[in-house]
Structures are given as structure tokens and as C-alpha cells.
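Q: Structure: data.tsv, TSV, C-alpha atoms.
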chain	number	residue	atom	x	y	z
A	1	MET	CA	-59.99	26.26	-8.19
A	2	ALA	CA	-59.72	25.26	-4.51
A	3	HIS	CA	-60.98	21.86	-3.42
A	4	GLU	CA	-63.63	21.74	-0.77
A	5	LYS	CA	-62.74	19.98	2.43
A	6	ASP	CA	-64.87	17.29	3.95
A	7	THR	CA	-64.62	15.02	6.97
A	8	ASP	CA	-63.59	11.39	6.76
A	9	GLU	CA	-66.44	9.29	8.12
A	10	ILE	CA	-64.23	6.60	9.72
A	11	THR	CA	-61.58	8.76	11.45
A	12	GLY	CA	-63.54	11.96	11.88
A	13	VAL	CA	-60.53	13.92	10.48
A	14	ASP	CA	-60.91	16.62	7.88
A	15	THR	CA	-59.44	15.86	4.47
A	16	THR	CA	-57.25	18.14	2.40
A	17	GLY	CA	-59.69	18.02	-0.43
A	18	HIS	CA	-57.30	15.94	-2.53
A	19	GLU	CA	-58.60	12.66	-3.89
A	20	TRP	CA	-57.02	10.03	-6.16
A	21	ASP	CA	-58.93	7.01	-7.36
A	22	GLY	CA	-61.36	7.35	-4.49
A	23	ILE	CA	-58.62	7.68	-1.86
A	24	LYS	CA	-58.83	10.89	0.19
A	25	GLU	CA	-55.87	12.55	1.94
A	26	LEU	CA	-56.40	13.21	5.65
A	27	ASP	CA	-55.35	16.61	6.98
A	28	ASN	CA	-53.57	15.32	10.12
A	29	PRO	CA	-51.32	17.82	11.95
A	30	LEU	CA	-47.58	17.10	12.14
A	31	PRO	CA	-46.35	15.42	15.35
A	32	ARG	CA	-45.25	17.88	18.04
A	33	TRP	CA	-41.87	16.24	18.47
A	34	TRP	CA	-41.18	16.63	14.75
A	35	LEU	CA	-42.15	20.27	14.79
A	36	TRP	CA	-39.90	21.03	17.79
A	37	ILE	CA	-36.94	19.36	16.08
A	38	TRP	CA	-37.63	21.39	12.97
A	39	TYR	CA	-37.79	24.62	14.96
A	40	ALA	CA	-34.53	23.67	16.73
A	41	THR	CA	-32.72	23.14	13.42
A	42	ILE	CA	-33.87	26.55	12.24
A	43	ALA	CA	-32.63	28.14	15.45
A	44	TRP	CA	-29.32	26.30	15.22
A	45	ALA	CA	-28.86	27.44	11.61
A	46	ILE	CA	-29.37	31.06	12.65
A	47	VAL	CA	-26.85	30.72	15.52
A	48	TYR	CA	-24.36	29.06	13.15
A	49	TRP	CA	-24.73	31.88	10.60
A	50	VAL	CA	-23.84	34.37	13.33
A	51	LEU	CA	-20.91	32.46	14.84
A	52	MET	CA	-19.25	30.80	11.85
A	53	PRO	CA	-18.34	31.66	8.25
A	54	ALA	CA	-21.48	31.00	6.28
A	55	TRP	CA	-22.80	33.32	3.59
A	56	PRO	CA	-20.94	34.02	0.33
A	57	GLY	CA	-20.80	37.58	-0.89
A	58	VAL	CA	-19.58	39.51	-3.92
A	59	SER	CA	-15.99	39.88	-2.72
A	60	GLY	CA	-15.83	37.45	0.16
A	61	TYR	CA	-17.98	35.77	2.77
A	62	THR	CA	-19.30	36.44	6.25
A	63	LYS	CA	-16.51	35.68	8.75
A	64	GLY	CA	-18.64	34.92	11.79
A	65	VAL	CA	-18.07	36.42	15.23
A	66	LEU	CA	-15.76	33.52	16.24
A	67	GLY	CA	-13.42	34.17	13.33
A	68	GLN	CA	-13.06	30.44	12.64
A	69	SER	CA	-10.95	29.54	9.57
A	70	ASP	CA	-10.22	25.96	8.57
A	71	ARG	CA	-7.52	27.23	6.20
A	72	VAL	CA	-5.68	28.95	9.06
A	73	ALA	CA	-6.12	25.92	11.35
A	74	VAL	CA	-4.71	23.54	8.70
A	75	GLY	CA	-1.83	25.92	8.07
A	76	LYS	CA	-0.91	25.93	11.76
A	77	GLU	CA	-1.09	22.12	11.92
A	78	LEU	CA	1.12	21.78	8.85
A	79	LYS	CA	3.68	24.17	10.30
A	80	ALA	CA	3.73	22.23	13.57
A	81	LEU	CA	4.08	18.94	11.68
A	82	GLU	CA	6.85	20.37	9.51
A	83	SER	CA	8.70	21.57	12.61
A	84	HIS	CA	8.33	18.16	14.28
A	85	ARG	CA	9.48	16.33	11.16
A	86	GLY	CA	12.38	18.71	10.76
A	87	GLU	CA	13.66	17.85	14.23
A	88	GLY	CA	13.22	14.13	13.59
A	89	ALA	CA	14.80	14.34	10.16
A	90	ALA	CA	17.84	16.09	11.63
A	91	LEU	CA	18.28	13.27	14.13
A	92	LEU	CA	17.91	10.63	11.40
A	93	ARG	CA	20.39	12.48	9.22
A	94	THR	CA	23.16	12.41	11.80
A	95	ALA	CA	22.51	8.99	13.39
A	96	SER	CA	23.75	5.72	11.95
A	97	LEU	CA	21.35	2.91	11.14
A	98	GLU	CA	22.49	0.95	14.19
A	99	GLN	CA	22.06	3.98	16.45
A	100	ILE	CA	18.55	4.50	15.15
A	101	GLU	CA	17.54	0.92	15.91
A	102	LYS	CA	19.08	0.98	19.38
A	103	ASP	CA	17.38	4.26	20.38
A	104	PRO	CA	13.75	3.36	21.23
A	105	LYS	CA	12.35	6.84	20.59
A	106	LEU	CA	14.30	7.42	17.39
A	107	SER	CA	13.50	3.90	16.18
A	108	ALA	CA	9.78	4.44	16.83
A	109	TYR	CA	9.90	7.74	14.94
A	110	ALA	CA	11.80	6.14	12.04
A	111	GLN	CA	9.28	3.32	11.82
A	112	GLN	CA	6.39	5.77	11.74
A	113	VAL	CA	8.01	7.70	8.91
A	114	GLY	CA	9.03	4.48	7.17
A	115	GLN	CA	5.53	3.05	7.34
A	116	SER	CA	4.10	6.18	5.76
A	117	ILE	CA	6.72	6.22	3.01
A	118	PHE	CA	6.26	2.49	2.39
A	119	GLY	CA	2.52	2.93	1.97
A	120	ASP	CA	2.99	5.79	-0.49
A	121	ASN	CA	5.83	4.34	-2.58
A	122	CYS	CA	6.38	0.62	-2.02
A	123	ALA	CA	3.01	-0.96	-1.30
A	124	THR	CA	2.00	-0.87	-4.98
A	125	CYS	CA	4.45	-3.70	-5.70
A	126	HIS	CA	5.16	-5.25	-2.30
A	127	GLY	CA	1.63	-5.01	-0.88
A	128	ILE	CA	0.30	-3.04	2.08
A	129	GLY	CA	1.77	-5.55	4.52
A	130	GLY	CA	4.97	-6.05	2.54
A	131	THR	CA	4.17	-9.68	1.76
A	132	GLY	CA	4.71	-9.19	-1.95
A	133	GLY	CA	3.25	-11.33	-4.71
A	134	LYS	CA	4.25	-13.24	-7.80
A	135	GLY	CA	7.24	-11.38	-9.22
A	136	TYR	CA	7.46	-9.05	-6.21
A	137	ALA	CA	9.60	-9.87	-3.19
A	138	ASN	CA	8.10	-10.69	0.19
A	139	LEU	CA	9.68	-8.29	2.69
A	140	ARG	CA	8.24	-10.05	5.72
A	141	ASP	CA	10.16	-13.31	5.55
A	142	ASP	CA	13.83	-14.14	6.11
A	143	VAL	CA	14.71	-14.59	2.43
A	144	TRP	CA	16.94	-11.86	1.00
A	145	LEU	CA	18.41	-12.06	-2.49
A	146	TRP	CA	20.83	-9.21	-1.83
A	147	GLY	CA	21.16	-9.41	1.95
A	148	GLY	CA	18.84	-8.46	4.77
A	149	LYS	CA	21.16	-6.42	6.99
A	150	LEU	CA	20.31	-2.77	7.53
A	151	GLU	CA	23.10	-1.62	5.25
A	152	ASP	CA	22.05	-4.09	2.55
A	153	ILE	CA	18.45	-2.89	2.63
A	154	GLN	CA	19.53	0.75	2.57
A	155	TYR	CA	21.76	0.10	-0.46
A	156	THR	CA	19.02	-1.73	-2.33
A	157	ILE	CA	16.50	1.05	-1.70
A	158	THR	CA	19.00	3.75	-2.67
A	159	HIS	CA	20.29	2.19	-5.90
A	160	GLY	CA	17.52	-0.20	-6.90
A	161	ILE	CA	17.75	-3.47	-8.78
A	162	ARG	CA	18.37	-3.44	-12.53
A	163	SER	CA	17.54	0.27	-12.46
A	164	ASN	CA	19.22	3.10	-14.39
A	165	ASP	CA	21.35	3.99	-11.34
A	166	ALA	CA	25.07	3.64	-11.97
A	167	GLU	CA	25.49	1.60	-8.78
A	168	THR	CA	22.34	-0.48	-9.07
A	169	ARG	CA	22.31	-4.10	-8.00
A	170	PHE	CA	22.30	-6.23	-11.10
A	171	SER	CA	21.75	-9.87	-11.90
A	172	ALA	CA	20.59	-11.46	-15.12
A	173	MET	CA	18.93	-14.84	-15.36
A	174	PRO	CA	19.60	-16.05	-18.92
A	175	ALA	CA	16.60	-16.80	-21.10
A	176	PHE	CA	17.80	-20.32	-21.92
A	177	GLY	CA	14.80	-21.14	-24.11
A	178	ARG	CA	13.94	-17.83	-25.67
A	179	ASP	CA	17.56	-17.20	-26.68
A	180	GLU	CA	17.95	-20.84	-27.84
A	181	MET	CA	20.76	-21.58	-25.43
A	182	LEU	CA	19.10	-24.88	-24.51
A	183	ASN	CA	16.53	-26.98	-26.31
A	184	ALA	CA	13.11	-27.93	-24.95
A	185	ALA	CA	14.20	-31.34	-23.67
A	186	GLN	CA	17.14	-29.83	-21.77
A	187	ILE	CA	14.87	-27.23	-20.19
A	188	ASP	CA	12.47	-29.98	-19.13
A	189	ASP	CA	15.37	-31.87	-17.51
A	190	LEU	CA	16.60	-28.73	-15.71
A	191	THR	CA	13.09	-28.15	-14.42
A	192	GLU	CA	13.12	-31.61	-12.83
A	193	TYR	CA	16.57	-30.92	-11.39
A	194	VAL	CA	15.37	-27.72	-9.70
A	195	VAL	CA	12.27	-29.50	-8.40
A	196	LYS	CA	14.57	-32.12	-6.90
A	197	LEU	CA	16.72	-29.42	-5.28
A	198	SER	CA	13.67	-28.11	-3.48
A	199	GLY	CA	13.11	-31.48	-1.85
A	200	ARG	CA	10.24	-32.69	-4.00
A	201	GLN	CA	9.75	-35.85	-6.05
A	202	ALA	CA	11.29	-35.55	-9.50
A	203	ASP	CA	12.09	-37.73	-12.50
A	204	ALA	CA	15.39	-39.43	-11.58
A	205	ALA	CA	16.50	-39.93	-15.18
A	206	ALA	CA	15.87	-36.26	-16.01
A	207	VAL	CA	17.74	-35.17	-12.89
A	208	GLY	CA	20.72	-37.28	-13.94
A	209	ARG	CA	20.75	-35.81	-17.44
A	210	ALA	CA	20.43	-32.24	-16.08
A	211	ALA	CA	23.29	-32.49	-13.55
A	212	PRO	CA	26.05	-31.47	-16.01
A	213	LEU	CA	23.78	-28.75	-17.44
A	214	PHE	CA	23.22	-27.28	-13.99
A	215	GLU	CA	26.94	-27.35	-13.27
A	216	ALA	CA	27.79	-25.63	-16.53
A	217	GLN	CA	25.00	-23.07	-16.66
A	218	CYS	CA	23.65	-22.42	-13.16
A	219	VAL	CA	26.32	-22.95	-10.49
A	220	ALA	CA	27.85	-19.48	-10.89
A	221	CYS	CA	24.72	-17.83	-9.46
A	222	HIS	CA	22.96	-20.64	-7.59
A	223	ALA	CA	26.02	-22.47	-6.18
A	224	ALA	CA	26.72	-26.19	-6.58
A	225	ASP	CA	24.28	-27.09	-3.79
A	226	GLY	CA	21.59	-24.77	-5.19
A	227	LYS	CA	21.54	-22.54	-2.10
A	228	GLY	CA	22.29	-19.42	-4.11
A	229	VAL	CA	25.05	-16.83	-4.16
A	230	GLN	CA	23.85	-13.69	-2.38
A	231	GLU	CA	26.58	-11.48	-3.85
A	232	MET	CA	25.22	-12.33	-7.31
A	233	GLY	CA	21.57	-12.00	-6.35
A	234	GLY	CA	21.20	-15.73	-7.04
A	235	PRO	CA	18.19	-17.20	-5.21
A	236	ASP	CA	18.25	-20.29	-3.06
A	237	LEU	CA	16.62	-23.12	-5.00
A	238	THR	CA	16.43	-25.48	-2.03
A	239	ASP	CA	13.86	-23.62	0.07
A	240	ALA	CA	10.12	-23.16	-0.31
A	241	ASP	CA	10.23	-19.51	-1.37
A	242	TRP	CA	9.77	-18.76	-5.06
A	243	LEU	CA	9.61	-15.28	-6.53
A	244	TYR	CA	7.99	-16.37	-9.80
A	245	GLY	CA	6.09	-19.45	-8.64
A	246	ALA	CA	6.95	-22.93	-7.39
A	247	ASP	CA	5.14	-25.34	-9.68
A	248	ARG	CA	6.79	-27.00	-12.65
A	249	ALA	CA	5.19	-24.69	-15.19
A	250	ASP	CA	6.46	-21.60	-13.35
A	251	ILE	CA	9.96	-23.03	-12.93
A	252	ARG	CA	10.13	-24.05	-16.59
A	253	ASN	CA	8.92	-20.61	-17.67
A	254	GLN	CA	11.62	-18.96	-15.56
A	255	ILE	CA	14.33	-21.14	-17.12
A	256	PHE	CA	12.91	-20.50	-20.58
A	257	SER	CA	12.31	-16.74	-20.28
A	258	GLY	CA	14.72	-15.58	-17.57
A	259	ASN	CA	12.33	-13.10	-15.94
A	260	GLY	CA	13.92	-10.27	-14.00
A	261	GLY	CA	12.01	-7.40	-12.47
A	262	VAL	CA	13.16	-3.82	-11.96
A	263	MET	CA	13.15	-2.03	-8.63
A	264	PRO	CA	13.51	1.76	-8.96
A	265	ALA	CA	16.46	3.56	-7.40
A	266	TRP	CA	15.00	5.79	-4.70
A	267	GLY	CA	18.21	7.68	-3.99
A	268	GLY	CA	17.22	10.53	-6.31
A	269	ARG	CA	13.61	10.60	-5.13
A	270	LEU	CA	13.79	10.26	-1.37
A	271	SER	CA	16.10	12.09	1.03
A	272	PRO	CA	18.87	10.12	2.79
A	273	GLU	CA	17.09	10.37	6.15
A	274	THR	CA	13.86	9.12	4.60
A	275	ILE	CA	15.66	6.13	3.12
A	276	LYS	CA	17.15	5.43	6.55
A	277	ALA	CA	13.68	5.48	8.08
A	278	LEU	CA	12.36	3.18	5.36
A	279	SER	CA	15.29	0.79	5.86
A	280	VAL	CA	14.68	0.64	9.60
A	281	TYR	CA	10.96	0.05	9.05
A	282	ILE	CA	11.53	-2.84	6.63
A	283	HIS	CA	14.27	-4.39	8.78
A	284	ALA	CA	12.20	-4.14	11.95
A	285	ASN	CA	9.22	-5.86	10.36
A	286	ALA	CA	11.12	-8.60	8.54
A	287	GLY	CA	12.69	-11.83	9.69
A	288	GLY	CA	16.20	-13.12	9.33
A	289	GLN	CA	19.30	-10.97	9.13
Transcribe the structure of this file into C-alpha cells.
A:
Amino acid sequence: MAHEKDTDEITGVDTTGHEWDGIKELDNPLPRWWLWIWYATIAWAIVYWVLMPAWPGVSGYTKGVLGQSDRVAVGKELKALESHRGEGAALLRTASLEQIEKDPKLSAYAQQVGQSIFGDNCATCHGIGGTGGKGYANLRDDVWLWGGKLEDIQYTITHGIRSNDAETRFSAMPAFGRDEMLNAAQIDDLTEYVVKLSGRQADAAAVGRAAPLFEAQCVACHAADGKGVQEMGGPDLTDADWLYGADRADIRNQIFSGNGGVMPAWGGRLSPETIKALSVYIHANAGGQ
């Protein structure tokens, strides 16, 4: 049953006949500007239906008079990108690492490729900016366990560290506590010795007791002065850079457990020219060697 309309006494506007709890709905017309926008959207939709692919059908869809196809456009862009990358990859394949870095255009291209590859494959462990984290190397500083020259970086990326590659870089920090090579007191003394090497205050008596232990157990990889042996992947214990943490608890845990991470060998996953580009990118954005 239709509601009868009446006129609101205050505004003089007819009502819709709807009433809730004594509140009546006024039958105001829509604003002109709103109506014109609405009409324009309807007109635009009709024009779009004519010009562009729009309506689905039983065996296809309306193509539109412009014949626009995002699939075709993307295909063309991918072909152009593939052609461009192919030319760049050919140049990277034949150029040496030094030639790549000395050629501004080729170096810029390599760094673009390297940045993309780094983001897709390396950032998970080393961070978006390459600054690393606890247990993951910082690639932005001048500290390199296995060398920071272009060839060193390329080798490390290709063969990995402690990976299943036959030519992987390999070092093993003994688990002096876990494997009961040293007792708790000896590990505590060695911790103080390492703290002292890094230039911090340490227990003098413990340092004295640990000196022969360090010489017998640690010199082969860390050198007598604690500055490390790069060929062995032995870190420098005298600087302020610590892969597994710098406080006493972290140092003691490292001596006790002998942590050692694994970096995958990318030689079987990435092409040689891609590894070159990645090496150039890392070297260009790092300090040191």
C-alpha cells in the first residue's frame, strides 16, 4: 500500500511518505552537479564499451574498435626487454670484471642487473641494503672474510661458503664447549682474551691464563695478533665488526658452539654474466678492497 505524501511544515518540502519514530523523510531533489556527473559516467561507460574490450561472451569478448590488448602490449614489452637484456648479457659475458667496472655504460648496466638479482636472491639474508644482520655478513663495510676484490666476490658467489659445491669456501670454527675440547673455565678465559683483543677492558688474570690456549687453539685461523687469516676465512678479532655479536655472551657462545653459516653456491643457479653483474654491484656499493 502506497504511503500518502504530505508537506513538511518547517521546510515546505514534500515528504516521501516514509516515517520512522516520528521522523519524516523529505523528498528533496538530487543536486544538479551530482546528476551531471552521474550522466557523464554513464556516457563514458558507453564510449568505453565501444572503444575497448569490455563485454564477455560465450566464446570470447567484445574487442572494441581500438583493438586494445594488454596481453599483446605486455608481450611486446617483454620481447623488447629480452632483446635489450640479451645485448647486455652478451657484453657482460665477454668482458672481464675490470673492463666492466671501467666502462661507465657497461658498469651502470651491470649494477642495474645486479641490484635486481640481489633483491630477488640475496636480500633475504643480507638485507635490502646489504647491511646484513646477526649471523649474516654486512656487504656495505670494508670487512671481508674471504677477500673483497672483484674476483674474490665472484668466487664466493659462484661457489658459496660451506655449501655442497666441490670448490666451496670452507672454514670451521671448532665447538670448543659443545665438543668438550675446553672446559667452562677455559672458555670464560678465552672470552676475556678476545674481549681484550678488541681493545676493551678485560680481566687481566683471565687474559694471562688464556694466552697459551689462544696460541694453541686459535692462532691458525685468527693469527697471533688476532687480525685473522683471510685465506682461512678467519675473522679479525681486533676490530669492531662481529658477525655473531660483540658482547661477552655472544663471544662465549661462539667459542662454545662454533657457529658457521652456509651461503649457497649460485654457480648452478645464475648464469656467469649474471654473477658478474652481481659481483660488480656488490663491489661498487661496498667499502675496502
Q: Would you work out the distance separating atom CA of A:Pro104 from atom CA of A:Thr156, expressed in Å to one decimal?
A: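 Between atom CA of A:Pro104 and atom CA of A:Thr156 the gap works out to 24.7 Å.
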Q: Using all atoms listed in the file, can you tell me which of A:Asn164, A:Ser171, A:Gln68, A:Thr16 comes closest to A:Gly258?
A: A:Ser171
Q: Which is closer to A:Val194 than all the others in A:Glu101, A:Asp21, A:Asp179, A:Asp250, using all atoms listed in the file?
A: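 That would be A:Asp250, the residue with the smallest distance to A:Val194.
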Q: Mind giving me the straight-line distance from atom CA of A:Ala40 to atom CA of A:Thr15 in Å, one decimal?
A: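 Spanning atom CA of A:Ala40 to atom CA of A:Thr15 is a straight-line distance of 28.8 Å.
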Q: Of the candidates A:Tyr109, A:Cys221, A:Tyr48, A:Leu66, which one gets nearest to A:Ala90 if we count all atoms listed in the file?
A: A:Tyr109
Q: Between A:Leu237, A:Ala205, A:Val229, A:Ile187, which residue has the minimum interatomic distance to A:Asn253, considering only C-alpha atoms?
A: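 Among the listed residues, A:Ile187 lies closest to A:Asn253.
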Q: Just checking: using only C-alpha atoms, which residue out of A:Ile128, A:Ala54, A:Ala277, A:Val143 ends up closest to A:Ser96?
A: A:Ala277
